[in-house]
$ cat coords.tsv   # TSV, C-alpha atoms
chain	number	residue	atom	x	y	z
H	1	MET	CA	90.16	3.50	-76.48
H	2	ALA	CA	87.31	4.21	-78.88
H	3	SER	CA	86.06	7.02	-76.68
H	4	ALA	CA	89.54	8.56	-76.60
H	5	TYR	CA	89.76	8.60	-80.39
H	6	SER	CA	86.21	9.96	-80.55
H	7	SER	CA	87.20	12.79	-78.22
H	8	VAL	CA	90.17	13.88	-80.29
H	9	GLY	CA	88.09	13.51	-83.46
H	10	ILE	CA	85.51	15.94	-82.09
H	11	SER	CA	88.27	18.36	-81.03
H	12	LEU	CA	89.93	18.21	-84.45
H	13	SER	CA	86.58	18.82	-86.16
H	14	PHE	CA	85.98	21.84	-83.92
H	15	PHE	CA	89.46	23.16	-84.68
H	16	PHE	CA	89.02	23.02	-88.45
H	17	TRP	CA	85.53	24.48	-88.13
H	18	ALA	CA	86.96	27.41	-86.17
H	19	LEU	CA	89.69	27.88	-88.79
H	20	LEU	CA	87.17	28.06	-91.57
H	21	ILE	CA	84.59	30.40	-90.07
H	22	SER	CA	86.58	32.57	-87.67
H	23	PRO	CA	86.19	36.20	-88.82
H	24	SER	CA	89.69	36.96	-87.56
H	25	VAL	CA	91.03	34.53	-90.17
H	26	SER	CA	88.75	35.24	-93.12
H	27	GLN	CA	87.75	38.89	-92.72
H	28	SER	CA	88.96	41.43	-95.25
H	29	CYS	CA	88.13	45.04	-96.09
H	30	LYS	CA	85.66	43.88	-98.72
H	31	SER	CA	83.59	42.11	-96.06
H	32	GLN	CA	83.23	45.29	-93.96
H	33	THR	CA	79.86	46.99	-93.62
H	34	PHE	CA	79.03	50.22	-91.84
H	35	SER	CA	76.34	52.86	-91.56
H	36	GLY	CA	75.77	55.68	-94.03
H	37	ASP	CA	74.83	55.84	-97.69
H	38	LYS	CA	78.20	56.95	-99.05
H	39	THR	CA	80.23	54.47	-101.09
H	40	TYR	CA	84.00	54.11	-100.95
H	41	PRO	CA	85.53	52.63	-104.13
H	42	HIS	CA	88.90	51.84	-102.54
H	43	CYS	CA	89.64	49.66	-99.51
H	44	LEU	CA	92.79	48.39	-97.86
H	45	ASP	CA	93.55	45.49	-95.54
H	46	LEU	CA	96.18	47.33	-93.54
H	47	PRO	CA	99.05	44.97	-92.65
H	48	GLN	CA	99.13	45.71	-88.91
H	49	LEU	CA	96.71	45.83	-85.96
H	50	LYS	CA	93.79	44.16	-87.80
H	51	ALA	CA	92.88	47.53	-89.30
H	52	PHE	CA	90.99	48.45	-92.48
H	53	LEU	CA	90.69	51.65	-94.50
H	54	HIS	CA	87.94	52.56	-96.96
H	55	TYR	CA	88.29	55.80	-98.90
H	56	SER	CA	87.33	57.87	-101.89
H	57	TYR	CA	89.15	60.84	-103.39
H	58	ASP	CA	87.59	63.79	-105.18
H	59	GLU	CA	90.55	65.00	-107.23
H	60	PRO	CA	89.09	68.33	-108.48
H	61	ASN	CA	88.31	69.37	-104.91
H	62	THR	CA	91.32	67.51	-103.38
H	63	THR	CA	88.94	66.03	-100.80
H	64	LEU	CA	89.63	62.65	-99.19
H	65	ALA	CA	86.76	60.78	-97.51
H	66	VAL	CA	87.86	57.98	-95.19
H	67	VAL	CA	86.48	55.26	-92.94
H	68	PHE	CA	89.12	53.75	-90.68
H	69	SER	CA	88.20	50.61	-88.71
H	70	ALA	CA	90.17	48.75	-86.03
H	71	PRO	CA	89.68	47.07	-82.66
H	72	PRO	CA	91.30	48.88	-79.71
H	73	SER	CA	94.07	46.90	-78.04
H	74	LYS	CA	91.80	46.49	-74.99
H	75	PRO	CA	88.09	47.05	-74.32
H	76	GLY	CA	87.56	50.74	-73.64
H	77	GLY	CA	90.66	51.67	-75.64
H	78	TRP	CA	91.17	53.95	-78.61
H	79	ILE	CA	92.06	53.88	-82.31
H	80	ALA	CA	93.77	56.53	-84.43
H	81	TRP	CA	94.39	57.28	-88.09
H	82	ALA	CA	96.60	60.10	-89.33
H	83	ILE	CA	98.24	61.80	-92.28
H	84	ASN	CA	101.79	62.95	-91.76
H	85	PRO	CA	102.55	65.76	-94.24
H	86	GLN	CA	106.31	65.79	-93.59
H	87	ALA	CA	107.48	62.36	-92.40
H	88	THR	CA	106.48	58.69	-92.17
H	89	GLY	CA	106.20	58.27	-88.38
H	90	MET	CA	103.87	59.57	-85.71
H	91	ALA	CA	105.77	62.77	-84.90
H	92	GLY	CA	104.15	65.51	-86.97
H	93	ALA	CA	101.07	63.41	-87.74
H	94	GLN	CA	97.70	65.12	-88.12
H	95	THR	CA	95.59	62.62	-86.24
H	96	LEU	CA	91.99	61.56	-85.83
H	97	VAL	CA	91.37	59.61	-82.60
H	98	ALA	CA	88.22	57.69	-81.71
H	99	TYR	CA	87.22	56.23	-78.36
H	100	LYS	CA	84.16	55.60	-76.27
H	101	ASP	CA	83.60	58.67	-74.13
H	102	PRO	CA	83.82	57.54	-70.47
H	103	LYS	CA	81.16	60.06	-69.41
H	104	LYS	CA	78.70	59.94	-72.33
H	105	GLY	CA	79.13	56.26	-73.20
H	106	VAL	CA	79.20	56.92	-76.97
H	107	ALA	CA	82.01	56.83	-79.51
H	108	VAL	CA	83.55	60.22	-80.27
H	109	VAL	CA	86.29	61.63	-82.54
H	110	LYS	CA	88.98	64.09	-81.51
H	111	THR	CA	91.81	65.71	-83.47
H	112	LEU	CA	95.46	65.68	-82.38
H	113	ASN	CA	98.27	67.65	-83.97
H	114	ILE	CA	101.19	65.54	-82.72
H	115	SER	CA	104.13	67.92	-82.87
H	116	SER	CA	106.34	65.49	-80.94
H	117	TYR	CA	106.11	62.15	-79.15
H	118	SER	CA	106.06	63.94	-75.80
H	119	MET	CA	103.35	66.44	-76.81
H	120	ILE	CA	99.99	64.73	-77.39
H	121	VAL	CA	97.07	67.05	-76.65
H	122	PRO	CA	93.77	67.75	-78.46
H	123	SER	CA	94.34	70.49	-81.04
H	124	LYS	CA	93.30	71.69	-84.48
H	125	LEU	CA	94.88	69.99	-87.49
H	126	ALA	CA	97.12	71.65	-90.07
H	127	PHE	CA	94.41	71.12	-92.72
H	128	ASP	CA	90.64	71.27	-92.75
H	129	VAL	CA	88.64	68.23	-91.65
H	130	TRP	CA	84.85	67.94	-91.37
H	131	ASP	CA	81.97	65.44	-91.15
H	132	MET	CA	83.83	63.70	-88.33
H	133	ARG	CA	82.03	61.00	-86.44
H	134	ALA	CA	82.71	57.64	-84.82
H	135	GLU	CA	80.74	54.46	-84.33
H	136	GLU	CA	81.25	51.29	-82.35
H	137	GLU	CA	80.48	47.78	-83.49
H	138	VAL	CA	80.22	45.33	-80.59
H	139	ALA	CA	81.20	41.72	-81.34
H	140	GLY	CA	81.69	38.60	-79.25
H	141	ASP	CA	85.43	39.15	-78.84
H	142	GLY	CA	85.21	42.87	-78.08
H	143	GLY	CA	84.41	46.00	-80.09
H	144	THR	CA	85.57	47.60	-83.30
H	145	LEU	CA	85.68	51.38	-83.59
H	146	ARG	CA	85.31	53.32	-86.82
H	147	ILE	CA	86.33	56.85	-87.75
H	148	PHE	CA	84.46	58.70	-90.51
H	149	ALA	CA	85.87	61.98	-91.85
H	150	ARG	CA	86.42	64.21	-94.86
H	151	ILE	CA	89.82	65.81	-95.28
H	152	LYS	CA	91.05	68.70	-97.42
H	153	VAL	CA	94.34	67.35	-98.76
H	154	PRO	CA	97.05	70.06	-98.86
H	155	SER	CA	97.93	71.13	-102.40
H	156	ASP	CA	101.53	69.89	-102.26
H	157	LEU	CA	100.40	66.40	-101.20
H	158	ALA	CA	97.58	66.39	-103.74
H	159	ALA	CA	100.11	67.19	-106.47
H	160	LYS	CA	102.16	64.12	-105.46
H	161	GLY	CA	99.07	61.89	-105.48
H	162	LYS	CA	100.21	60.18	-102.27
H	163	VAL	CA	100.14	60.81	-98.54
H	164	ASN	CA	101.91	59.16	-95.63
H	165	GLN	CA	99.34	57.43	-93.43
H	166	VAL	CA	99.88	56.27	-89.85
H	167	TRP	CA	97.48	54.29	-87.70
H	168	GLN	CA	97.51	53.07	-84.11
H	169	VAL	CA	95.47	51.45	-81.33
H	170	GLY	CA	95.73	51.92	-77.58
H	171	PRO	CA	94.53	50.39	-74.32
H	172	GLY	CA	92.51	53.06	-72.55
H	173	VAL	CA	91.29	56.60	-72.04
H	174	SER	CA	91.33	58.61	-68.83
H	175	PRO	CA	88.10	60.11	-67.40
H	176	GLU	CA	89.33	63.45	-68.78
H	177	GLY	CA	89.60	62.02	-72.29
H	178	MET	CA	93.40	61.68	-72.41
H	179	ILE	CA	94.47	58.65	-74.44
H	180	GLY	CA	96.78	56.10	-72.82
H	181	LYS	CA	100.15	55.06	-74.21
H	182	HIS	CA	100.04	52.39	-76.90
H	183	ALA	CA	102.28	49.30	-76.98
H	184	PHE	CA	105.60	49.37	-78.82
H	185	ASP	CA	105.46	45.91	-80.36
H	186	ALA	CA	106.51	45.33	-83.97
H	187	ALA	CA	102.92	45.70	-85.18
H	188	ASN	CA	102.58	49.10	-83.49
H	189	ILE	CA	105.91	50.38	-84.72
H	190	ASN	CA	105.25	49.30	-88.31
H	191	SER	CA	101.68	50.60	-88.57
H	192	LYS	CA	102.44	53.15	-91.30
H	193	GLY	CA	102.79	53.36	-95.05
H	194	PRO	CA	102.05	55.35	-98.21
H	195	LEU	CA	98.48	55.84	-99.39
H	196	ASP	CA	97.95	56.33	-103.11
H	197	LEU	CA	95.00	58.68	-103.50
H	198	SER	CA	94.08	57.17	-106.87
H	199	GLY	CA	93.63	53.73	-105.28
H	200	ASN	CA	96.71	52.13	-106.85
H	201	ASN	CA	98.10	50.66	-103.64
H	202	ASN	CA	100.18	47.76	-104.90
H	203	GLY	CA	102.81	48.13	-102.18
H	204	GLY	CA	103.33	49.74	-98.84
H	205	SER	CA	100.17	49.25	-96.89
H	206	GLY	CA	98.69	46.73	-99.29
H	207	GLY	CA	95.37	47.15	-100.99
H	208	GLY	CA	92.37	45.29	-102.28
H	209	GLY	CA	94.50	43.04	-104.50
H	210	GLU	CA	97.83	42.59	-102.79
H	211	GLY	CA	96.42	43.22	-99.32
H	212	ASP	CA	93.87	40.43	-99.77
H	213	SER	CA	96.63	38.17	-101.10
H	214	ARG	CA	98.85	38.83	-98.09
H	215	VAL	CA	96.01	38.14	-95.65
H	216	LYS	CA	95.30	34.85	-97.41
H	217	LYS	CA	98.98	33.90	-97.29
H	218	ARG	CA	99.12	34.59	-93.56
H	219	ASN	CA	96.03	32.49	-93.00
H	220	ILE	CA	97.31	29.60	-95.14
H	221	HIS	CA	100.71	29.79	-93.43
H	222	GLY	CA	99.09	29.58	-90.00
H	223	ILE	CA	96.70	26.75	-90.89
H	224	LEU	CA	99.36	24.59	-92.57
H	225	ASN	CA	101.80	24.94	-89.70
H	226	ALA	CA	99.18	24.39	-87.01
H	227	VAL	CA	98.02	21.20	-88.74
H	228	SER	CA	101.54	19.88	-89.41
H	229	TRP	CA	103.86	20.80	-86.53
H	230	GLY	CA	101.05	21.36	-84.04
H	231	ILE	CA	98.76	18.36	-84.67
H	232	LEU	CA	100.04	15.69	-87.08
H	233	PHE	CA	103.51	15.42	-85.50
H	234	PRO	CA	102.03	14.86	-82.01
H	235	VAL	CA	99.58	12.29	-83.43
H	236	GLY	CA	102.46	10.47	-85.13
H	237	ALA	CA	104.45	10.45	-81.91
H	238	ILE	CA	101.50	8.99	-79.99
H	239	ILE	CA	101.12	6.24	-82.59
H	240	ALA	CA	104.81	5.31	-82.40
H	241	ARG	CA	105.01	5.31	-78.60
H	242	TYR	CA	101.83	3.45	-77.70
H	243	MET	CA	100.55	1.35	-80.62
H	244	ARG	CA	103.78	-0.62	-80.89
H	245	VAL	CA	103.06	-2.22	-77.50
H	246	PHE	CA	100.15	-4.13	-79.01
H	247	GLU	CA	101.53	-7.12	-80.90
H	248	SER	CA	98.54	-7.20	-83.23
H	249	ALA	CA	99.37	-3.66	-84.39
H	250	ASP	CA	102.81	-4.65	-85.71
H	251	PRO	CA	103.86	-3.59	-88.37
H	252	ALA	CA	100.78	-1.43	-89.03
H	253	TRP	CA	101.81	1.06	-86.33
H	254	PHE	CA	105.13	1.68	-88.10
H	255	TYR	CA	103.53	2.50	-91.45
H	256	LEU	CA	100.93	4.70	-89.76
H	257	HIS	CA	103.71	6.52	-87.89
H	258	VAL	CA	105.80	7.08	-91.01
H	259	SER	CA	102.79	8.17	-93.07
H	260	CYS	CA	101.68	10.63	-90.40
H	261	GLN	CA	105.14	12.15	-89.89
H	262	PHE	CA	105.92	12.35	-93.60
H	263	SER	CA	102.57	14.06	-94.28
H	264	ALA	CA	103.28	16.47	-91.43
H	265	TYR	CA	106.72	17.21	-92.87
H	266	VAL	CA	105.41	17.92	-96.38
H	267	ILE	CA	102.61	20.18	-95.09
H	268	GLY	CA	105.01	21.86	-92.64
H	269	VAL	CA	107.57	22.62	-95.34
H	270	ALA	CA	104.84	24.17	-97.49
H	271	GLY	CA	103.78	26.37	-94.56
H	272	TRP	CA	107.41	27.24	-93.82
H	273	ALA	CA	108.01	28.27	-97.45
H	274	ILE	CA	104.96	30.56	-97.36
H	275	GLY	CA	106.34	32.05	-94.14
H	276	LEU	CA	109.65	32.81	-95.85
H	277	LYS	CA	107.81	34.52	-98.72
H	278	LEU	CA	105.76	36.58	-96.27
H	279	GLY	CA	108.95	37.66	-94.52
H	280	HIS	CA	110.50	38.67	-97.84
H	281	GLU	CA	107.41	40.71	-98.75
H	282	SER	CA	107.25	42.43	-95.35
H	283	ALA	CA	110.45	44.45	-95.20
H	284	GLY	CA	110.99	46.03	-91.80
H	285	ILE	CA	108.64	43.62	-90.01
H	286	SER	CA	110.45	40.92	-88.07
H	287	TYR	CA	109.31	38.18	-85.70
H	288	ALA	CA	112.75	36.80	-84.90
H	289	THR	CA	111.81	34.16	-82.34
H	290	HIS	CA	108.96	32.75	-84.42
H	291	GLY	CA	111.12	32.72	-87.54
H	292	ASN	CA	114.14	31.15	-85.84
H	293	ILE	CA	112.03	28.37	-84.34
H	294	GLY	CA	110.55	27.77	-87.79
H	295	ILE	CA	114.02	27.41	-89.30
H	296	ALA	CA	115.04	25.06	-86.48
H	297	LEU	CA	111.92	22.95	-87.05
H	298	PHE	CA	112.58	22.67	-90.77
H	299	SER	CA	116.22	21.72	-90.18
H	300	LEU	CA	115.53	19.13	-87.47
H	301	ALA	CA	112.61	17.59	-89.35
H	302	THR	CA	114.67	17.35	-92.55
H	303	ILE	CA	117.45	15.55	-90.66
H	304	GLN	CA	114.83	13.26	-89.12
H	305	MET	CA	113.41	12.37	-92.53
H	306	PHE	CA	116.81	11.55	-94.03
H	307	ALA	CA	117.78	9.61	-90.92
H	308	MET	CA	115.07	7.07	-91.77
H	309	LEU	CA	117.24	5.98	-94.69
H	310	LEU	CA	120.03	5.11	-92.22
H	311	ARG	CA	117.80	3.21	-89.76
H	312	PRO	CA	119.70	0.10	-88.57
H	313	LYS	CA	117.97	-3.25	-88.18
H	314	LYS	CA	116.61	-4.17	-84.76
H	315	ASP	CA	119.52	-6.48	-83.91
H	316	HIS	CA	122.24	-4.09	-85.13
H	317	LYS	CA	124.72	-2.92	-82.47
H	318	TYR	CA	124.12	0.74	-83.34
H	319	ARG	CA	120.30	0.50	-83.19
H	320	PHE	CA	120.29	1.49	-79.49
H	321	TYR	CA	122.13	4.75	-80.23
H	322	TRP	CA	120.00	5.44	-83.30
H	323	ASN	CA	116.88	5.09	-81.13
H	324	ILE	CA	118.22	7.62	-78.64
H	325	TYR	CA	118.96	10.08	-81.43
H	326	HIS	CA	115.61	9.46	-83.19
H	327	HIS	CA	113.52	9.84	-80.04
H	328	GLY	CA	115.43	12.88	-78.80
H	329	LEU	CA	115.10	14.67	-82.12
H	330	GLY	CA	111.44	13.69	-82.38
H	331	TYR	CA	110.52	15.09	-78.98
H	332	SER	CA	112.46	18.27	-79.75
H	333	ILE	CA	110.41	18.75	-82.94
H	334	LEU	CA	107.22	18.00	-81.02
H	335	SER	CA	107.96	20.61	-78.33
H	336	LEU	CA	109.19	23.32	-80.69
H	337	GLY	CA	106.25	22.77	-83.02
H	338	ILE	CA	103.64	23.34	-80.33
H	339	ILE	CA	105.54	26.34	-78.94
H	340	ASN	CA	105.76	27.93	-82.38
H	341	VAL	CA	102.05	27.45	-83.07
H	342	PHE	CA	101.32	29.50	-79.96
H	343	LYS	CA	103.93	32.06	-81.07
H	344	GLY	CA	102.11	32.34	-84.38
H	345	LEU	CA	98.77	32.74	-82.65
H	346	SER	CA	100.16	35.58	-80.54
H	347	ILE	CA	101.41	37.32	-83.70
H	348	LEU	CA	98.16	36.93	-85.66
H	349	ASN	CA	96.17	37.75	-82.51
H	350	PRO	CA	92.94	36.15	-83.76
H	351	GLN	CA	89.70	35.67	-81.89
H	352	ASP	CA	89.84	33.63	-78.68
H	353	THR	CA	87.87	30.86	-80.43
H	354	TYR	CA	90.87	30.11	-82.61
H	355	LYS	CA	93.29	29.68	-79.72
H	356	THR	CA	90.71	27.82	-77.62
H	357	ALA	CA	90.16	25.34	-80.45
H	358	TYR	CA	93.87	24.56	-80.68
H	359	ILE	CA	94.22	24.25	-76.92
H	360	SER	CA	91.28	21.80	-76.98
H	361	VAL	CA	93.03	19.66	-79.60
H	362	ILE	CA	96.33	19.61	-77.71
H	363	ALA	CA	94.57	18.89	-74.41
H	364	SER	CA	92.69	15.99	-76.01
H	365	LEU	CA	95.90	14.57	-77.46
H	366	GLY	CA	97.58	14.97	-74.07
H	367	GLY	CA	94.70	13.16	-72.37
H	368	ILE	CA	94.90	10.30	-74.87
H	369	ALA	CA	98.67	10.08	-74.32
H	370	LEU	CA	98.19	9.83	-70.55
H	371	LEU	CA	95.53	7.14	-70.99
H	372	PHE	CA	97.74	5.11	-73.31
H	373	GLU	CA	100.71	5.61	-70.98
H	374	ALA	CA	98.80	3.92	-68.15
H	375	VAL	CA	97.54	1.10	-70.39
H	376	THR	CA	100.95	0.35	-71.91
H	377	TRP	CA	102.61	0.22	-68.48
H	378	VAL	CA	100.03	-2.30	-67.32
H	379	ILE	CA	100.68	-4.43	-70.41
H	380	VAL	CA	104.47	-4.22	-70.04
H	381	LEU	CA	104.36	-5.11	-66.33
H	382	LYS	CA	102.09	-8.09	-66.98
H	383	ARG	CA	104.46	-9.37	-69.67
H	384	ARG	CA	107.40	-9.05	-67.31
H	385	SER	CA	105.59	-10.91	-64.51
H	386	ASN	CA	104.68	-13.75	-66.92
H	387	THR	CA	108.29	-14.19	-67.90

$ encode --input "coords.tsv" --output "structure tokens"
Amino acid sequence: MASAYSSVGISLSFFFWALLISPSVSQSCKSQTFSGDKTYPHCLDLPQLKAFLHYSYDEPNTTLAVVFSAPPSKPGGWIAWAINPQATGMAGAQTLVAYKDPKKGVAVVKTLNISSYSMIVPSKLAFDVWDMRAEEEVAGDGGTLRIFARIKVPSDLAAKGKVNQVWQVGPGVSPEGMIGKHAFDAANINSKGPLDLSGNNNGGSGGGGEGDSRVKKRNIHGILNAVSWGILFPVGAIIARYMRVFESADPAWFYLHVSCQFSAYVIGVAGWAIGLKLGHESAGISYATHGNIGIALFSLATIQMFAMLLRPKKDHKYRFYWNIYHHGLGYSILSLGIINVFKGLSILNPQDTYKTAYISVIASLGGIALLFEAVTWVIVLKRRSNT
């Protein structure tokens, strides 16, 4: 048994270590570094597609210098950043696209004047752009591409002090240099927003202040819910199912079970509340399944907590039915919690280390449960044979 607890302890330690150091969790625009000696006083943690924007604006010359960074959706894919002078979507966007040239093997930048969704061909933009270049940063989980450019902002947009920016990532490029179709998930559809040229981006795409805050909220939301619904609730269930068989563990197992589940509930509610706030702050972005499961978890767990106040004594005639209800609700919370952690991971789309760490924890807990299942059956059968 000691080795089983040691195994899960190691897995839990690895999980929290991965949470703390994973760049996909902690990285922000302020942590970005890239080549060149130019400085960019403004940076944004864009709310979709793990993208970042650094920029500076020369108001007298109406010149915008940008560095756009994002990982393609697949290795060998492409990234794009655009200004749409007339609308907020991709149609009409004046676009800079970067990808690794299949023939030359180096990152390149092309311009696309996207007149319609069905017409995407390399063409000159509606305004001047120069000093274009691209670079690739190779990391353990794939590569990040960056677009460098200087843009002459049209006078009407410069007078407003804002432009509509659009960004996107895609899966691949043909040998002829034609970019492949991107996905149409919520993150792809909502990768757009206003860009304040002065650097005052307190809404829309989110900037150094609010953007950092939103990233931190997402990270805290994910960590709290993974720890509560995804780890503590399963641990509490294991304690209740298997420790009670050992007579020497009574009533310690009960207090351990209650403490574990109550802690999980408190942490889970905190994570759920942060999730609600994130949803309120992210108008137009919806993860219905993830959110609905979260609401169901909160509701079922709240009922489970209050049901403890109505717990009949062991010899009460209704105790049998209460046990059925309590166990059924508990296993429902357990299943939904683990499912929703994986839903959250798919939304955040972090490095593989993050997901691997959680899978390791769940696998370790599952292995311990199987081991205890065998041991408890042996004990129960021996007791029955002795009687």

$ residues_around --input "coords.tsv" --residues "Asn225 of chain H" --least-positions-apart "2" --cutoff "8 Å" --atoms "only C-alpha atoms" --output "ChimeraX atom specification"
/H:221-223,227-230,267-268,271-272,341

$ closest_residue --input "coords.tsv" --among "H:Tyr354, H:Phe34, H:Tyr287, H:Phe68" --to "Ile147 of chain H" --atoms "only C-alpha atoms"
H:Phe68

$ closest_residue --input "coords.tsv" --among "H:Phe298, H:Tyr99, H:Tyr57, H:Phe246" --to "Thr376 of chain H" --atoms "all atoms listed in the file"
H:Phe246

$ closest_residue --input "coords.tsv" --among "H:Pro60, H:Lys216, H:Val66, H:Tyr331" --to "Asp131 of chain H" --atoms "only C-alpha atoms"
H:Val66

$ atom_distance --input "coords.tsv" --atom1 "atom CA of Ile179 of chain H" --atom2 "atom CA of Ser73 of chain H"
12.3 Å

$ closest_residue --input "coords.tsv" --among "H:Ala237, H:Met178, H:Leu232, H:Ala87" --to "Ala369 of chain H" --atoms "only C-alpha atoms"
H:Ala237

$ residues_around --input "coords.tsv" --residues "Ser174 of chain H" --least-positions-apart "4" --cutoff "10 Å" --atoms "all atoms listed in the file" --output "ChimeraX atom specification"
/H:76-77,101-102,178-180

$ residues_around --input "coords.tsv" --residues "Phe127 of chain H" --least-positions-apart "5" --cutoff "8 Å" --atoms "only C-alpha atoms" --output "ChimeraX atom specification"
/H:151-154

$ closest_residue --input "coords.tsv" --among "H:Asn340, H:Ser364, H:Thr111, H:Ser248" --to "Val235 of chain H" --atoms "all atoms listed in the file"
H:Ser364

$ atom_distance --input "coords.tsv" --atom1 "atom CA of Gly330 of chain H" --atom2 "atom CA of Ile239 of chain H"
12.7 Å

$ closest_residue --input "coords.tsv" --among "H:Lys162, H:Lys317, H:Lys192, H:Arg133" --to "Gly89 of chain H" --atoms "all atoms listed in the file"
H:Lys192

$ atom_distance --input "coords.tsv" --atom1 "atom CA of Phe184 of chain H" --atom2 "atom CA of Leu49 of chain H"
11.9 Å

$ residues_around --input "coords.tsv" --residues "Gln168 of chain H" --least-positions-apart "3" --cutoff "7 Å" --atoms "all atoms listed in the file" --output "list in words"
Ile79, Ala80, Trp81, Asn188 and Ser191 of chain H

$ residues_around --input "coords.tsv" --residues "Val258 of chain H" --least-positions-apart "2" --cutoff "10 Å" --atoms "only C-alpha atoms" --output "ChimeraX atom specification"
/H:236-237,239-240,253-256,260-264,305,308

$ axis_aligned_box --input "coords.tsv" --around "segment 311-318 of chain H" --padding-each-side "8 Å" --output "lines of an AutoDock Vina configuration file"
center_x = 120.7
center_y = -1.6
center_z = -86.1
size_x = 24.1
size_y = 25.7
size_z = 23.3
